[in-house]
Amino acid sequence: MMAAKLWHGPRPGRLIVEPLDSLTAVFDGRSGQTHILAPPLPELIAALADRPATIAELAVRLNEMFDLTADGAITDMLAARLGELAALGLVEAR
Amino acid sequence: MTEDSSSDGAGEPAAQPLATGSIDPARRRTLQLGAAGAITALTVRPAFAQTAASVFNCQIPVPDPARSSQYVALDGTLVPSGTQGAFPPAARPFTGEEVRRALAGRSLPGTSYDQGTAYMNYIRRLRAGQSGFTCYASIQLPR
């Protein structure tokens with residue numbers, strides 16, 4: 001049975017994060033790019049900050065802090081959002 | 001609704017910070033994980049405010065001025081001046097357009113094969129904060 005992928009957030013100090021009302025500006029020192037992120041992307045990055053997690057573990061972490069809502073299965077939505085963050089180079093699965 | 005600027009300790013407790021443990025269920029924020037078609041990210045790339053023409057006119061010094069007394073080894077690292085097999089600093093900064101063409105296989109102007117290889121390896125090692133990084137990052141992005 002294949003082990004679930006472990007999602008890793010950026011190393012401490014790599015990002016400069018600045019809340020902008022409902023959005024969050026994130027400067028990535030590794031790429032030089034600045035991302036303007038809407039929820040839940042900043043929250044996902046923060047949830048992975050301390051330690052990596054599988055999607056299931058991430059769902060549990062987020063559920064402890066928020067009332068999660070989604071237009072579909074929560075794990076499916078998390079997978080889609082993590083894919084977006086991975087495309088930006090902000091998280092990676094390994 | 002009146003504004004109460006007094007601080008008597010009887011106001012509502014502040015919401016718990018994001019990363020801490022137990023959260024009062026009554027204070028939890030709703031987090032929407034996303035709806036179909038929602039835009040959740042916008043990326044501002046280096047030199048975003050510049051025109052396409054000015055991006056390619058940006059410059060990449062080899063090496064950056066602060067280390068212009070060092071030579072460039074074949075692998076792009078900087079070594080003491082005069083090191084055998086290494087090359088002196090480029091006579092002038094390269095433009096973004098010149099480096100973009102070099103990435104596509106053409107040679108850097110005024111360089112031999114090994115010299116151009118050394119310079120390009122130096123450029124590939126550039127990190128945020130170093131002179132020329134923003135220019136290099138800009139030319140790699142899809143137009």
# chains A, B, ... in the order shown; residues from 1 in each chain; ligands from 1

$ select_by_dssp --residues "stretch 5-88 of chain A" --states "alpha helix (DSSP H)" --output "number ranges by chain"
A: 41-47, 55-65, 74-87

$ interface_residues --of "chain A" --to "chain B" --cutoff "7 Å" --atoms "only C-alpha atoms" --output "list in words"
Gly29, Arg30, Gly32, Gln33, Thr34, His35, Ile36, Leu37, Ala38, Pro39, Pro40, Met65, Phe66, Asp67, Leu68, Thr69, Ala70, Asp71, Met77 and Leu78 of chain A

$ write_last_selection --atoms "N, CA, C and O atoms" --output "CSV table (one decimal), in the first residue's frame"
chain,number,residue,atom,x,y,z
A,29,GLY,N,11.5,34.5,-0.8
A,29,GLY,CA,12.9,34.8,-1.0
A,29,GLY,C,13.6,33.9,-1.9
A,29,GLY,O,14.6,34.2,-2.5
A,30,ARG,N,13.0,32.7,-2.1
A,30,ARG,CA,13.7,31.7,-3.0
A,30,ARG,C,13.5,32.1,-4.5
A,30,ARG,O,14.4,31.9,-5.3
A,32,GLY,N,11.9,35.1,-5.5
A,32,GLY,CA,11.8,36.6,-5.8
A,32,GLY,C,10.4,37.0,-6.1
A,32,GLY,O,10.2,38.2,-6.4
A,33,GLN,N,9.5,36.1,-6.1
A,33,GLN,CA,8.1,36.5,-6.5
A,33,GLN,C,7.3,36.9,-5.3
A,33,GLN,O,7.6,36.4,-4.2
A,34,THR,N,6.4,37.8,-5.5
A,34,THR,CA,5.4,38.1,-4.5
A,34,THR,C,4.1,37.6,-4.9
A,34,THR,O,3.6,37.8,-6.0
A,35,HIS,N,3.4,36.9,-4.0
A,35,HIS,CA,2.1,36.3,-4.2
A,35,HIS,C,1.1,37.0,-3.4
A,35,HIS,O,1.3,37.3,-2.2
A,36,ILE,N,0.0,37.4,-4.0
A,36,ILE,CA,-1.2,37.9,-3.2
A,36,ILE,C,-2.1,36.7,-3.1
A,36,ILE,O,-2.7,36.3,-4.1
A,37,LEU,N,-2.3,36.3,-1.9
A,37,LEU,CA,-3.1,35.1,-1.6
A,37,LEU,C,-4.4,35.4,-0.9
A,37,LEU,O,-4.4,36.1,0.0
A,38,ALA,N,-5.4,34.7,-1.3
A,38,ALA,CA,-6.7,34.7,-0.6
A,38,ALA,C,-6.9,33.5,0.2
A,38,ALA,O,-6.3,32.5,-0.1
A,39,PRO,N,-7.7,33.6,1.3
A,39,PRO,CA,-8.0,32.3,2.0
A,39,PRO,C,-8.5,31.2,1.1
A,39,PRO,O,-9.2,31.5,0.1
A,40,PRO,N,-8.2,30.0,1.3
A,40,PRO,CA,-7.5,29.5,2.5
A,40,PRO,C,-6.0,29.3,2.3
A,40,PRO,O,-5.3,28.6,3.1
A,65,MET,N,-8.9,24.5,14.2
A,65,MET,CA,-8.7,25.9,14.3
A,65,MET,C,-9.9,26.7,13.6
A,65,MET,O,-10.2,27.8,14.0
A,66,PHE,N,-10.5,26.0,12.7
A,66,PHE,CA,-11.6,26.7,11.9
A,66,PHE,C,-12.8,25.8,11.8
A,66,PHE,O,-12.8,24.6,12.0
A,67,ASP,N,-13.9,26.4,11.4
A,67,ASP,CA,-15.1,25.7,10.9
A,67,ASP,C,-14.9,25.6,9.4
A,67,ASP,O,-15.0,26.6,8.7
A,68,LEU,N,-14.5,24.4,8.9
A,68,LEU,CA,-14.2,24.3,7.5
A,68,LEU,C,-15.5,24.1,6.7
A,68,LEU,O,-16.4,23.4,7.1
A,69,THR,N,-15.5,24.8,5.6
A,69,THR,CA,-16.6,24.6,4.6
A,69,THR,C,-16.0,24.4,3.3
A,69,THR,O,-14.9,24.9,3.0
A,70,ALA,N,-16.8,23.7,2.4
A,70,ALA,CA,-16.2,23.4,1.1
A,70,ALA,C,-17.4,23.0,0.2
A,70,ALA,O,-18.4,22.5,0.6
A,71,ASP,N,-17.2,23.2,-1.1
A,71,ASP,CA,-18.2,22.8,-2.1
A,71,ASP,C,-17.9,21.4,-2.6
A,71,ASP,O,-17.9,21.1,-3.8
A,77,MET,N,-10.9,19.2,-1.7
A,77,MET,CA,-10.6,20.7,-1.8
A,77,MET,C,-9.2,21.0,-1.3
A,77,MET,O,-8.5,21.8,-1.9
A,78,LEU,N,-8.8,20.3,-0.3
A,78,LEU,CA,-7.4,20.6,0.2
A,78,LEU,C,-6.4,20.1,-0.8
A,78,LEU,O,-5.4,20.8,-1.0

$ residues_around --residues "B:Gln140" --least-positions-apart "4" --cutoff "10 Å" --atoms "only C-alpha atoms" --output "ChimeraX atom specification"
/B:96,99-100,103,135-136

$ write_last_selection --atoms "N, CA, C and O atoms" --output "short mmCIF file (atom, residue, chain, number, x, y, z; two decimals), in the first residue's frame"
data_model
loop_
_atom_site.label_atom_id
_atom_site.label_comp_id
_atom_site.auth_asym_id
_atom_site.auth_seq_id
_atom_site.Cartn_x
_atom_site.Cartn_y
_atom_site.Cartn_z
N GLY B 96 19.53 41.64 -19.97
CA GLY B 96 18.61 40.52 -19.81
C GLY B 96 18.39 39.80 -21.13
O GLY B 96 18.30 38.57 -21.17
N VAL B 99 21.34 37.49 -21.89
CA VAL B 99 21.33 36.28 -21.06
C VAL B 99 20.19 35.36 -21.49
O VAL B 99 20.33 34.14 -21.50
N ARG B 100 19.07 35.94 -21.86
CA ARG B 100 17.94 35.12 -22.33
C ARG B 100 18.33 34.34 -23.57
O ARG B 100 18.01 33.15 -23.71
N LEU B 103 20.57 31.49 -22.57
CA LEU B 103 19.79 30.37 -22.02
C LEU B 103 19.21 29.51 -23.13
O LEU B 103 18.99 28.32 -22.97
N CYS B 135 16.64 40.78 -12.52
CA CYS B 135 16.70 40.76 -13.98
C CYS B 135 16.69 39.31 -14.48
O CYS B 135 15.93 38.96 -15.38
N TYR B 136 17.50 38.47 -13.88
CA TYR B 136 17.58 37.06 -14.29
C TYR B 136 16.25 36.35 -14.07
O TYR B 136 15.78 35.59 -14.91
#

$ atom_distance --atom1 "atom CA of A:Val17" --atom2 "atom CA of A:Glu64"
22.6 Å

$ residues_around --residues "stretch 105-121 of chain B" --least-positions-apart "5" --cutoff "12 Å" --atoms "only C-alpha atoms" --output "ChimeraX atom specification"
/B:60-64,71-79,85-100,126,136

$ atom_distance --atom1 "atom CA of A:Lys5" --atom2 "atom CA of A:Ala79"
10.7 Å

$ select_by_dssp --residues "chain A" --states "strand (DSSP E)" --output "PyMOL selection string"
chain A and resi 7-8+15-20+23-28+34-37+66-69+92-93
